[in-house]
>>> print(open('my_file.txt').read())   # compact mmCIF, C-alpha atoms
# COMPACT_ATOMS: atom_id res chain seq x y z
CA MET Q 1 0.00 0.00 0.00
CA GLY Q 2 2.78 2.41 0.95
CA GLN Q 3 4.63 1.56 -2.26
CA ALA Q 4 1.48 2.27 -4.29
CA LEU Q 5 1.05 5.65 -2.63
CA SER Q 6 4.70 6.41 -3.32
CA LYS Q 7 4.21 5.67 -7.01
CA GLU Q 8 1.05 7.79 -7.03
CA GLY Q 9 2.90 10.67 -5.39
CA THR Q 10 5.68 10.42 -7.98
CA ARG Q 11 3.10 10.50 -10.77
CA ARG Q 12 1.47 13.58 -9.35
CA THR Q 13 4.76 15.50 -9.07
CA ALA Q 14 5.89 14.58 -12.60
CA THR Q 15 5.37 17.23 -15.30
CA ILE Q 16 3.13 15.81 -18.04
CA TYR Q 17 4.37 17.62 -21.13
CA GLY Q 18 2.00 15.90 -23.58
CA VAL Q 19 -1.03 17.26 -21.75
CA LEU Q 20 0.58 20.71 -21.39
CA LEU Q 21 1.30 20.92 -25.11
CA ALA Q 22 -2.24 19.76 -25.91
CA ILE Q 23 -3.93 22.32 -23.64
CA SER Q 24 -1.53 25.02 -24.93
CA SER Q 25 -2.61 24.11 -28.48
CA GLY Q 26 -6.23 24.45 -27.41
CA HIS Q 27 -5.40 27.83 -25.87
CA PHE Q 28 -3.70 28.90 -29.11
CA ILE Q 29 -6.76 27.97 -31.18
CA ASN Q 30 -9.19 29.58 -28.72
CA ASP Q 31 -7.33 32.90 -28.67
CA THR Q 32 -6.76 32.83 -32.43
CA LEU Q 33 -10.54 32.59 -32.87
CA GLN Q 34 -10.88 35.59 -30.57
CA ALA Q 35 -8.23 37.46 -32.58
CA VAL Q 36 -10.38 36.96 -35.69
CA VAL Q 37 -12.85 39.54 -34.34
CA PRO Q 38 -10.55 42.61 -34.07
CA ALA Q 39 -8.71 41.45 -37.21
CA MET Q 40 -12.04 41.69 -39.06
CA PHE Q 41 -12.78 45.26 -37.95
CA PRO Q 42 -11.30 47.03 -41.02
CA ILE Q 43 -13.30 44.68 -43.26
CA VAL Q 44 -16.75 44.87 -41.63
CA GLU Q 45 -16.36 48.60 -41.04
CA LYS Q 46 -16.39 49.05 -44.82
CA SER Q 47 -18.53 46.12 -46.01
CA LEU Q 48 -21.34 46.74 -43.49
CA SER Q 49 -20.82 50.52 -43.18
CA LEU Q 50 -20.35 50.34 -39.41
CA SER Q 51 -19.54 53.38 -37.32
CA TYR Q 52 -16.60 53.52 -34.92
CA THR Q 53 -19.10 53.42 -32.06
CA GLN Q 54 -20.52 50.14 -33.40
CA ILE Q 55 -17.00 48.74 -33.77
CA GLY Q 56 -16.38 49.73 -30.16
CA TRP Q 57 -19.51 47.90 -29.03
CA ILE Q 58 -18.39 44.71 -30.79
CA ALA Q 59 -15.02 44.91 -29.01
CA PHE Q 60 -16.74 45.68 -25.71
CA VAL Q 61 -19.13 42.70 -25.95
CA LEU Q 62 -16.26 40.34 -26.84
CA ASN Q 63 -14.01 41.51 -24.01
CA MET Q 64 -16.70 41.74 -21.36
CA THR Q 65 -18.17 38.32 -22.17
CA SER Q 66 -14.86 36.49 -22.47
CA SER Q 67 -13.27 38.23 -19.49
CA LEU Q 68 -15.74 39.07 -16.75
CA LEU Q 69 -17.45 35.68 -16.90
CA GLN Q 70 -14.17 33.81 -16.38
CA PRO Q 71 -14.07 34.20 -12.57
CA VAL Q 72 -17.73 33.07 -12.46
CA PHE Q 73 -17.05 29.88 -14.42
CA GLY Q 74 -13.85 29.41 -12.42
CA TYR Q 75 -15.76 29.66 -9.15
CA TYR Q 76 -18.18 26.92 -10.16
CA ALA Q 77 -15.36 24.80 -11.62
CA ASP Q 78 -13.68 24.90 -8.21
CA ILE Q 79 -16.86 23.54 -6.63
CA LYS Q 80 -17.27 20.80 -9.22
CA SER Q 81 -14.98 20.41 -12.22
CA ARG Q 82 -16.62 19.58 -15.53
CA PRO Q 83 -13.82 18.43 -17.86
CA PHE Q 84 -15.97 18.25 -20.99
CA LEU Q 85 -16.75 21.97 -20.78
CA LEU Q 86 -13.43 22.42 -22.63
CA PRO Q 87 -14.65 21.09 -26.01
CA LEU Q 88 -18.11 22.59 -25.42
CA GLY Q 89 -16.49 26.00 -25.02
CA MET Q 90 -14.67 25.52 -28.32
CA LEU Q 91 -17.97 24.47 -29.93
CA SER Q 92 -19.57 27.71 -28.73
CA SER Q 93 -16.70 29.67 -30.33
CA LEU Q 94 -17.15 27.69 -33.56
CA ILE Q 95 -20.86 28.60 -33.70
CA GLY Q 96 -20.02 32.24 -33.08
CA LEU Q 97 -17.30 32.20 -35.73
CA ILE Q 98 -19.67 30.88 -38.41
CA GLY Q 99 -22.21 33.53 -37.46
CA PHE Q 100 -19.54 36.25 -37.56
CA ALA Q 101 -18.44 35.19 -41.05
CA LEU Q 102 -21.99 35.17 -42.46
CA SER Q 103 -23.67 38.03 -40.57
CA ASN Q 104 -24.80 40.99 -42.63
CA HIS Q 105 -26.26 43.06 -39.79
CA PHE Q 106 -24.75 44.69 -36.72
CA ILE Q 107 -27.09 42.91 -34.27
CA PHE Q 108 -26.18 39.50 -35.68
CA LEU Q 109 -22.50 40.39 -35.35
CA LEU Q 110 -23.03 41.16 -31.67
CA LEU Q 111 -24.84 37.86 -31.11
CA SER Q 112 -22.07 35.97 -32.88
CA VAL Q 113 -19.38 37.69 -30.82
CA LEU Q 114 -21.37 36.77 -27.71
CA PHE Q 115 -20.94 33.07 -28.56
CA ILE Q 116 -17.20 33.51 -29.18
CA GLY Q 117 -16.73 35.34 -25.89
CA PHE Q 118 -18.88 32.84 -24.02
CA GLY Q 119 -16.79 29.94 -25.35
CA SER Q 120 -13.58 31.66 -24.31
CA ALA Q 121 -14.92 32.34 -20.81
CA ILE Q 122 -15.73 28.64 -20.42
CA PHE Q 123 -12.35 27.49 -21.74
CA HIS Q 124 -9.87 29.57 -19.74
CA PRO Q 125 -10.57 28.58 -16.10
CA GLU Q 126 -10.73 24.86 -16.92
CA GLY Q 127 -7.64 25.20 -19.12
CA SER Q 128 -5.70 26.74 -16.23
CA ARG Q 129 -6.81 23.90 -13.97
CA VAL Q 130 -5.53 21.34 -16.48
CA ALA Q 131 -2.17 23.13 -16.66
CA TYR Q 132 -2.03 23.18 -12.85
CA LEU Q 133 -2.76 19.44 -12.59
CA ALA Q 134 -0.23 18.54 -15.29
CA ALA Q 135 2.48 20.83 -13.90
CA GLY Q 136 3.96 18.51 -11.30
CA ASN Q 137 6.64 20.46 -9.45
CA LYS Q 138 7.25 22.88 -12.38
CA ARG Q 139 4.24 25.13 -12.09
CA GLY Q 140 5.92 28.20 -13.53
CA LEU Q 141 7.08 26.34 -16.65
CA ALA Q 142 3.70 24.62 -17.03
CA GLN Q 143 1.75 27.86 -16.85
CA SER Q 144 4.17 29.44 -19.33
CA ILE Q 145 3.59 26.63 -21.82
CA TYR Q 146 -0.16 27.05 -21.40
CA GLN Q 147 -0.20 30.87 -21.60
CA VAL Q 148 2.24 31.15 -24.50
CA GLY Q 149 -0.31 29.35 -26.68
CA GLY Q 150 -2.91 32.01 -25.97
CA ASN Q 151 -0.52 34.93 -26.34
CA THR Q 152 0.69 33.59 -29.68
CA GLY Q 153 -2.90 33.34 -30.90
CA GLN Q 154 -3.60 36.93 -29.89
CA SER Q 155 -0.47 38.21 -31.62
CA LEU Q 156 -1.69 36.89 -34.98
CA ALA Q 157 -4.42 39.54 -35.40
CA PRO Q 158 -2.41 41.90 -37.68
CA ILE Q 159 -1.19 38.96 -39.77
CA ILE Q 160 -4.74 37.57 -40.11
CA THR Q 161 -5.94 40.97 -41.34
CA ALA Q 162 -3.18 41.38 -43.91
CA PHE Q 163 -3.04 37.89 -45.40
CA ILE Q 164 -6.57 36.47 -45.00
CA PHE Q 165 -9.26 39.11 -44.57
CA VAL Q 166 -7.91 41.70 -47.00
CA PRO Q 167 -7.94 39.26 -49.96
CA LEU Q 168 -10.91 37.08 -48.89
CA GLY Q 169 -13.16 39.47 -47.03
CA GLN Q 170 -15.58 38.64 -44.21
CA LYS Q 171 -16.22 35.06 -45.34
CA GLY Q 172 -12.50 34.35 -44.94
CA ALA Q 173 -13.34 33.74 -41.28
CA LEU Q 174 -14.86 30.41 -42.34
CA LEU Q 175 -11.31 29.11 -42.83
CA PHE Q 176 -10.90 29.21 -39.06
CA THR Q 177 -13.72 26.72 -38.59
CA LEU Q 178 -11.15 24.07 -39.53
CA ALA Q 179 -8.96 25.19 -36.63
CA ALA Q 180 -11.98 25.18 -34.31
CA GLY Q 181 -12.88 21.63 -35.38
CA LEU Q 182 -9.31 20.50 -34.69
CA GLY Q 183 -9.45 22.25 -31.34
CA ILE Q 184 -12.59 20.33 -30.35
CA ILE Q 185 -10.86 17.02 -31.15
CA VAL Q 186 -7.76 17.98 -29.13
CA LEU Q 187 -9.82 19.17 -26.16
CA VAL Q 188 -11.95 16.01 -26.10
CA ARG Q 189 -8.74 14.04 -25.58
CA VAL Q 190 -7.54 16.50 -22.92
CA SER Q 191 -10.92 16.24 -21.18
CA ARG Q 192 -10.62 12.46 -20.98
CA TRP Q 193 -7.22 12.80 -19.27
CA TYR Q 194 -8.64 15.52 -17.03
CA LYS Q 195 -11.57 13.34 -15.96
CA ASN Q 196 -9.30 10.35 -15.30
CA ARG Q 197 -6.97 12.53 -13.26
CA LEU Q 198 -9.83 13.87 -11.15
CA ASP Q 199 -11.13 10.33 -10.61
CA GLY Q 200 -7.63 9.33 -9.53
CA GLU Q 201 -7.46 12.26 -7.09
CA LYS Q 202 -10.71 11.09 -5.49
CA SER Q 203 -9.56 7.48 -5.23
CA ILE Q 204 -6.39 8.40 -3.32
CA GLY Q 205 -8.52 8.90 -0.26
CA LYS Q 206 -11.13 11.27 1.07
CA LYS Q 207 -9.20 11.51 4.32
CA VAL Q 208 -6.52 13.66 2.69
CA GLU Q 209 -9.21 15.83 1.15
CA LYS Q 210 -10.92 16.34 4.51
CA GLN Q 211 -7.65 17.28 6.16
CA SER Q 212 -6.90 19.72 3.36
CA SER Q 213 -10.37 21.26 3.56
CA LYS Q 214 -10.02 21.70 7.30
CA ARG Q 215 -6.61 23.30 6.92
CA ASN Q 216 -7.90 25.74 4.31
CA ALA Q 217 -11.24 26.50 5.97
CA GLY Q 218 -9.94 29.86 7.13
CA ILE Q 219 -7.93 32.07 4.78
CA HIS Q 220 -5.11 34.00 6.41
CA LYS Q 221 -5.65 37.77 6.42
CA LYS Q 222 -2.32 38.38 4.69
CA ILE Q 223 -3.34 35.96 1.92
CA LYS Q 224 -6.49 38.01 1.27
CA LEU Q 225 -4.51 41.27 1.18
CA ALA Q 226 -1.92 39.72 -1.11
CA MET Q 227 -4.63 38.55 -3.51
CA LEU Q 228 -6.08 42.06 -3.70
CA LEU Q 229 -2.63 43.47 -4.42
CA VAL Q 230 -1.99 40.86 -7.13
CA VAL Q 231 -5.26 41.81 -8.86
CA PHE Q 232 -4.28 45.50 -8.68
CA LEU Q 233 -0.87 44.77 -10.23
CA VAL Q 234 -2.57 42.79 -12.98
CA PHE Q 235 -4.80 45.80 -13.66
CA ALA Q 236 -1.76 48.11 -13.96
CA ARG Q 237 0.01 45.74 -16.36
CA SER Q 238 -3.09 45.10 -18.47
CA TRP Q 239 -3.88 48.83 -18.72
CA TYR Q 240 -0.37 49.48 -20.03
CA GLY Q 241 -0.74 46.65 -22.54
CA ALA Q 242 -4.15 47.95 -23.65
CA GLY Q 243 -2.79 51.46 -24.10
CA ILE Q 244 0.11 50.25 -26.21
CA SER Q 245 -1.69 47.65 -28.33
CA ASN Q 246 -4.66 49.92 -29.10
CA TYR Q 247 -3.19 53.41 -29.31
CA TYR Q 248 0.57 53.35 -29.86
CA GLN Q 249 0.04 52.80 -33.58
CA PHE Q 250 -1.78 56.16 -33.73
CA TYR Q 251 1.12 57.76 -31.85
CA LEU Q 252 3.50 56.37 -34.47
CA ILE Q 253 1.30 57.70 -37.26
CA GLU Q 254 0.78 61.17 -35.76
CA ASP Q 255 4.19 61.86 -34.18
CA TYR Q 256 6.52 59.86 -36.43
CA GLY Q 257 4.61 60.07 -39.73
CA LEU Q 258 4.37 56.32 -40.32
CA THR Q 259 1.68 54.69 -42.44
CA ILE Q 260 -0.90 52.32 -40.94
CA LYS Q 261 0.89 49.34 -42.47
CA GLN Q 262 4.29 50.42 -41.13
CA ALA Q 263 2.87 50.96 -37.64
CA GLN Q 264 1.63 47.35 -37.51
CA LEU Q 265 5.24 46.09 -37.50
CA TYR Q 266 5.91 47.89 -34.21
CA ILE Q 267 2.76 46.53 -32.57
CA PHE Q 268 3.58 43.01 -33.74
CA THR Q 269 7.12 43.40 -32.32
CA PHE Q 270 5.68 44.27 -28.92
CA MET Q 271 3.20 41.37 -28.98
CA PHE Q 272 5.74 38.82 -30.24
CA ALA Q 273 8.21 39.88 -27.54
CA GLY Q 274 5.38 39.33 -25.06
CA VAL Q 275 5.02 35.74 -26.26
CA LEU Q 276 8.71 35.09 -25.62
CA GLY Q 277 8.61 36.83 -22.24
CA THR Q 278 5.59 34.76 -21.21
CA PHE Q 279 7.42 31.54 -22.02
CA PHE Q 280 10.71 32.32 -20.30
CA GLY Q 281 9.18 33.96 -17.24
CA GLY Q 282 7.79 30.71 -15.84
CA PRO Q 283 11.07 28.74 -15.73
CA LEU Q 284 12.84 31.79 -14.28
CA ALA Q 285 10.21 31.96 -11.52
CA ASP Q 286 10.70 28.27 -10.73
CA ARG Q 287 14.38 29.02 -10.19
CA PHE Q 288 14.45 32.50 -8.64
CA GLY Q 289 11.02 32.82 -7.00
CA LYS Q 290 7.68 34.06 -8.27
CA ARG Q 291 7.51 37.28 -6.29
CA ASN Q 292 11.02 38.24 -7.44
CA ILE Q 293 10.14 37.78 -11.12
CA ILE Q 294 6.92 39.80 -10.75
CA PHE Q 295 8.91 42.59 -9.08
CA LEU Q 296 11.68 42.60 -11.70
CA SER Q 297 9.16 42.41 -14.54
CA MET Q 298 7.26 45.53 -13.50
CA LEU Q 299 10.10 47.72 -12.23
CA GLY Q 300 12.60 46.36 -14.78
CA SER Q 301 10.43 47.58 -17.63
CA ALA Q 302 9.58 50.94 -15.99
CA PRO Q 303 12.73 52.89 -17.09
CA LEU Q 304 12.13 51.75 -20.68
CA THR Q 305 8.42 52.62 -20.67
CA LEU Q 306 9.25 56.09 -19.31
CA LEU Q 307 11.72 56.63 -22.17
CA LEU Q 308 9.55 55.24 -24.96
CA PRO Q 309 7.46 58.37 -25.76
CA TYR Q 310 10.62 60.45 -26.30
CA LEU Q 311 12.78 58.05 -28.35
CA PRO Q 312 13.90 58.60 -31.96
CA LEU Q 313 12.20 56.21 -34.37
CA ALA Q 314 15.37 54.13 -34.89
CA ALA Q 315 15.43 53.21 -31.18
CA VAL Q 316 11.74 52.34 -30.85
CA ILE Q 317 11.79 48.73 -32.08
CA PRO Q 318 14.65 47.44 -29.84
CA VAL Q 319 13.25 49.24 -26.78
CA PHE Q 320 9.73 48.12 -27.65
CA PHE Q 321 10.92 44.53 -27.87
CA LEU Q 322 12.60 44.73 -24.45
CA ILE Q 323 9.49 46.27 -22.86
CA GLY Q 324 7.26 43.54 -24.28
CA PHE Q 325 9.63 40.78 -23.17
CA ILE Q 326 10.34 42.07 -19.64
CA LEU Q 327 6.78 43.14 -18.83
CA SER Q 328 5.22 39.89 -20.08
CA SER Q 329 7.71 37.72 -18.20
CA SER Q 330 5.39 38.00 -15.18
CA PHE Q 331 2.21 37.08 -17.09
CA SER Q 332 2.15 33.35 -16.35
CA VAL Q 333 4.06 33.84 -13.08
CA THR Q 334 1.29 36.04 -11.66
CA VAL Q 335 -1.27 33.31 -12.39
CA VAL Q 336 0.81 30.65 -10.59
CA TYR Q 337 1.50 33.00 -7.66
CA ALA Q 338 -2.24 33.65 -7.27
CA GLN Q 339 -2.99 29.92 -7.53
CA GLU Q 340 -0.57 29.26 -4.69
CA LEU Q 341 -2.17 32.00 -2.62
CA LEU Q 342 -5.56 30.24 -2.96
CA PRO Q 343 -4.81 26.62 -3.95
CA ARG Q 344 -8.41 25.58 -3.30
CA LYS Q 345 -9.69 28.18 -5.80
CA ILE Q 346 -7.58 27.46 -8.88
CA GLY Q 347 -10.31 28.19 -11.41
CA MET Q 348 -11.53 31.38 -9.76
CA VAL Q 349 -8.08 32.96 -9.30
CA SER Q 350 -7.14 32.02 -12.88
CA GLY Q 351 -10.26 33.83 -14.03
CA LEU Q 352 -9.38 36.85 -11.90
CA THR Q 353 -5.76 37.14 -13.00
CA VAL Q 354 -6.30 36.35 -16.70
CA GLY Q 355 -9.92 37.00 -17.58
CA LEU Q 356 -10.57 40.02 -15.41
CA ALA Q 357 -7.24 41.47 -16.56
CA PHE Q 358 -8.42 41.59 -20.17
CA GLY Q 359 -11.78 42.96 -19.04
CA MET Q 360 -10.05 45.79 -17.22
CA GLY Q 361 -7.84 46.29 -20.26
CA ALA Q 362 -11.02 46.93 -22.26
CA VAL Q 363 -12.15 49.49 -19.67
CA GLY Q 364 -8.71 51.07 -19.83
CA SER Q 365 -9.00 51.30 -23.62
CA VAL Q 366 -12.24 53.27 -23.31
CA LEU Q 367 -10.67 55.61 -20.74
CA PHE Q 368 -7.52 56.16 -22.82
CA GLY Q 369 -9.61 56.82 -25.92
CA SER Q 370 -11.58 59.50 -24.09
CA LEU Q 371 -8.37 61.10 -22.80
CA ALA Q 372 -6.87 61.03 -26.30
CA ASP Q 373 -9.93 62.88 -27.65
CA LEU Q 374 -9.84 65.34 -24.75
CA TYR Q 375 -6.09 66.00 -24.78
CA SER Q 376 -3.90 64.11 -27.28
CA ILE Q 377 -2.56 60.67 -28.11
CA ARG Q 378 0.84 61.83 -26.86
CA PHE Q 379 -0.68 62.62 -23.46
CA VAL Q 380 -2.07 59.07 -23.27
CA MET Q 381 1.30 57.51 -24.13
CA ILE Q 382 3.06 59.55 -21.46
CA LEU Q 383 0.37 58.64 -18.91
CA CYS Q 384 0.70 54.93 -19.75
CA SER Q 385 4.47 55.09 -19.32
CA PHE Q 386 4.08 55.55 -15.54
CA LEU Q 387 1.89 52.48 -14.96
CA PRO Q 388 4.71 49.92 -14.52
CA LEU Q 389 6.01 51.98 -11.58
CA PHE Q 390 3.20 50.43 -9.53
CA GLY Q 391 5.42 47.34 -9.58
CA VAL Q 392 7.17 48.74 -6.49
CA LEU Q 393 4.12 47.50 -4.56
CA THR Q 394 5.19 43.94 -5.36
CA TRP Q 395 7.60 44.20 -2.44
CA LEU Q 396 4.58 44.17 -0.13
CA LEU Q 397 3.63 40.68 -1.35
CA PRO Q 398 4.64 37.70 0.81
CA LYS Q 399 7.59 35.66 -0.38
CA ASP Q 400 6.95 32.20 -1.84
CA ARG Q 401 8.19 30.59 1.38
CA GLU Q 402 5.89 32.76 3.52
CA ILE Q 403 2.85 31.67 1.52
CA ARG Q 404 3.58 28.05 2.35
CA GLU Q 405 3.91 29.00 6.01
CA TYR Q 406 0.54 30.77 6.02
CA HIS Q 407 -1.15 27.68 4.61
CA SER Q 408 0.47 25.46 7.23
CA ILE Q 409 -0.99 27.48 10.10
>>> encode(input="my_file.txt", output="structure tokens")
Amino acid sequence: MGQALSKEGTRRTATIYGVLLAISSGHFINDTLQAVVPAMFPIVEKSLSLSYTQIGWIAFVLNMTSSLLQPVFGYYADIKSRPFLLPLGMLSSLIGLIGFALSNHFIFLLLSVLFIGFGSAIFHPEGSRVAYLAAGNKRGLAQSIYQVGGNTGQSLAPIITAFIFVPLGQKGALLFTLAAGLGIIVLVRVSRWYKNRLDGEKSIGKKVEKQSSKRNAGIHKKIKLAMLLVVFLVFARSWYGAGISNYYQFYLIEDYGLTIKQAQLYIFTFMFAGVLGTFFGGPLADRFGKRNIIFLSMLGSAPLTLLLPYLPLAAVIPVFFLIGFILSSSFSVTVVYAQELLPRKIGMVSGLTVGLAFGMGAVGSVLFGSLADLYSIRFVMILCSFLPLFGVLTWLLPKDREIREYHSI
């Protein structure tokens, strides 16, 4: 019996790379389907004669549905996991994608986007739970593998616009139904592993579960404060990202005289650097500590963000790349840190640190747009440059070792 438990413990601490790559692939497909929506904006704006306000509503519905519902689905997933919600979420996105490709009216576009956002909100909390279960003792690396799939999918939006929607138009979105179908197949297989893993967790013994529940019945006050601070830091980072990804291209056009096409290269550089930073941040956190990487990510990028609005054009791309890499190195690390703060609420905290972050990014976009109209796009870029300085608050977070001590009390 003891030998069996030893083998089971070894299995649970081993990193299962096949599952991580599969769920990362699902994340890539899910976020690519989401990227189809903003990539389509220049097309539907002309083909359906939409106003900028209507375009804004489409973006708002997508972000609010896919983001703010994530903590809700995560909360219920923590109570009772439903592995086969993963492919069902992808199916919802597939239905929305078909509707988005064929819709010829603004209202139908909104309804289609609702399905895409709904599917994404279902996918993300359960996807984070799968990455957590498959991580073994390499949670930073595992979350990086999972998140890099999504970040890569998001970074494809300018490429999708240029090479698919410009030549094929709105119906070009139907090509992505093939990716969605493949995603459903992959996620069905992941769900089977997920279900078997949960069944195995239950069979190990309810005694361990009862002891764990008793130990976590009360949440330490410092854990609660730390969680609030983590969410605030996520807001600051996501607002900077929203300001850059949505408005820096206009700054390049107005202040540097670039064309729309030329400006896309700079945005893609920032987003691609973010993909690399997301991947490498996790392993670095496993080695040097999660709080340390979050701290270095925010404050390490701050001098560069403060310089960015004043740089000559020749220096923008290398500095932009460094900002994207350094700032995004804490993306997956923040998720793992929050999961370790509340290990009994994996789905909910994943929804808070990932989903709610994008939701707040959407709110930040609206605020920055209003400020740009009221003052100037340069004013917005200078204002954004100060946001990473909030990273100094990371020093108030408990160290990784202290979190384990709080949970042992």
>>> residues_around(input="my_file.txt", residues="Q:Gln54", least_positions_apart="5", cutoff="10 Å", atoms="only C-alpha atoms", output="PDB file with C-alpha atoms, in the coordinates of the input")
ATOM      1  CA  GLU Q  45     -16.360  48.600 -41.040  1.00  0.00           C
ATOM      2  CA  SER Q  49     -20.820  50.520 -43.180  1.00  0.00           C
ATOM      3  CA  ALA Q  59     -15.020  44.910 -29.010  1.00  0.00           C
ATOM      4  CA  PHE Q  60     -16.740  45.680 -25.710  1.00  0.00           C
ATOM      5  CA  PHE Q 106     -24.750  44.690 -36.720  1.00  0.00           C
ATOM      6  CA  ILE Q 107     -27.090  42.910 -34.270  1.00  0.00           C
ATOM      7  CA  LEU Q 110     -23.030  41.160 -31.670  1.00  0.00           C
TER       8      LEU Q 110
END
>>> closest_residue(input="my_file.txt", among="Q:Ala180, Q:Gly150, Q:Leu327, Q:Pro125", to="Q:Tyr76", atoms="only C-alpha atoms")
Q:Pro125
>>> residues_near_point(input="my_file.txt", point="(7.6, 24.8, -6.4)", cutoff="10 Å", atoms="only C-alpha atoms", output="list of chain:residue names")
Q:Ala135, Q:Gly136, Q:Asn137, Q:Lys138, Q:Arg139, Q:Gly140, Q:Ala285, Q:Asp286, Q:Arg287, Q:Gly289, Q:Lys290, Q:Val336, Q:Glu340, Q:Asp400, Q:Arg401
>>> closest_residue(input="my_file.txt", among="Q:Asp255, Q:Trp395, Q:Phe288, Q:Leu276", to="Q:Ser376", atoms="only C-alpha atoms")
Q:Asp255
>>> residues_near_point(input="my_file.txt", point="(-2.4, 19.5, -16.5)", cutoff="9 Å", atoms="all atoms listed in the file", output="number ranges by chain")
Q: 15-17, 19-20, 23, 127-136, 142, 190, 193-194, 197
>>> closest_residue(input="my_file.txt", among="Q:His220, Q:Leu86, Q:Leu156, Q:Phe279", to="Q:Arg192", atoms="only C-alpha atoms")
Q:Leu86
>>> closest_residue(input="my_file.txt", among="Q:Leu342, Q:Val363, Q:Leu198, Q:Val319", to="Q:Tyr75", atoms="all atoms listed in the file")
Q:Leu342
>>> atom_distance(input="my_file.txt", atom1="atom CA of Q:Gln143", atom2="atom CA of Q:Ser332")
5.5 Å
>>> axis_aligned_box(input="my_file.txt", around="stretch 390-394 of chain Q", padding_each_side="6 Å", output="JSON")
{"center_x": 5.2, "center_y": 47.2, "center_z": -7.1, "size_x": 16.0, "size_y": 18.5, "size_z": 17.0}
>>> closest_residue(input="my_file.txt", among="Q:Thr353, Q:Gln34, Q:Gln339, Q:Ser93", to="Q:Gly183", atoms="only C-alpha atoms")
Q:Ser93
>>> atom_distance(input="my_file.txt", atom1="atom CA of Q:Lys222", atom2="atom CA of Q:Leu396")
10.2 Å
>>> atom_distance(input="my_file.txt", atom1="atom CA of Q:Lys195", atom2="atom CA of Q:Ser81")
8.7 Å
>>> closest_residue(input="my_file.txt", among="Q:Phe28, Q:Phe331, Q:Phe73, Q:Tyr256", to="Q:Ile346", atoms="only C-alpha atoms")
Q:Phe73
>>> residues_around(input="my_file.txt", residues="Q:His124", least_positions_apart="5", cutoff="12 Å", atoms="only C-alpha atoms", output="VMD selection string")
chain Q and resid 23 to 24 26 to 31 66 to 74 77 83 85 to 87 89 to 90 117 to 119 129 to 131 146 to 147 149 to 150 335 346 to 356
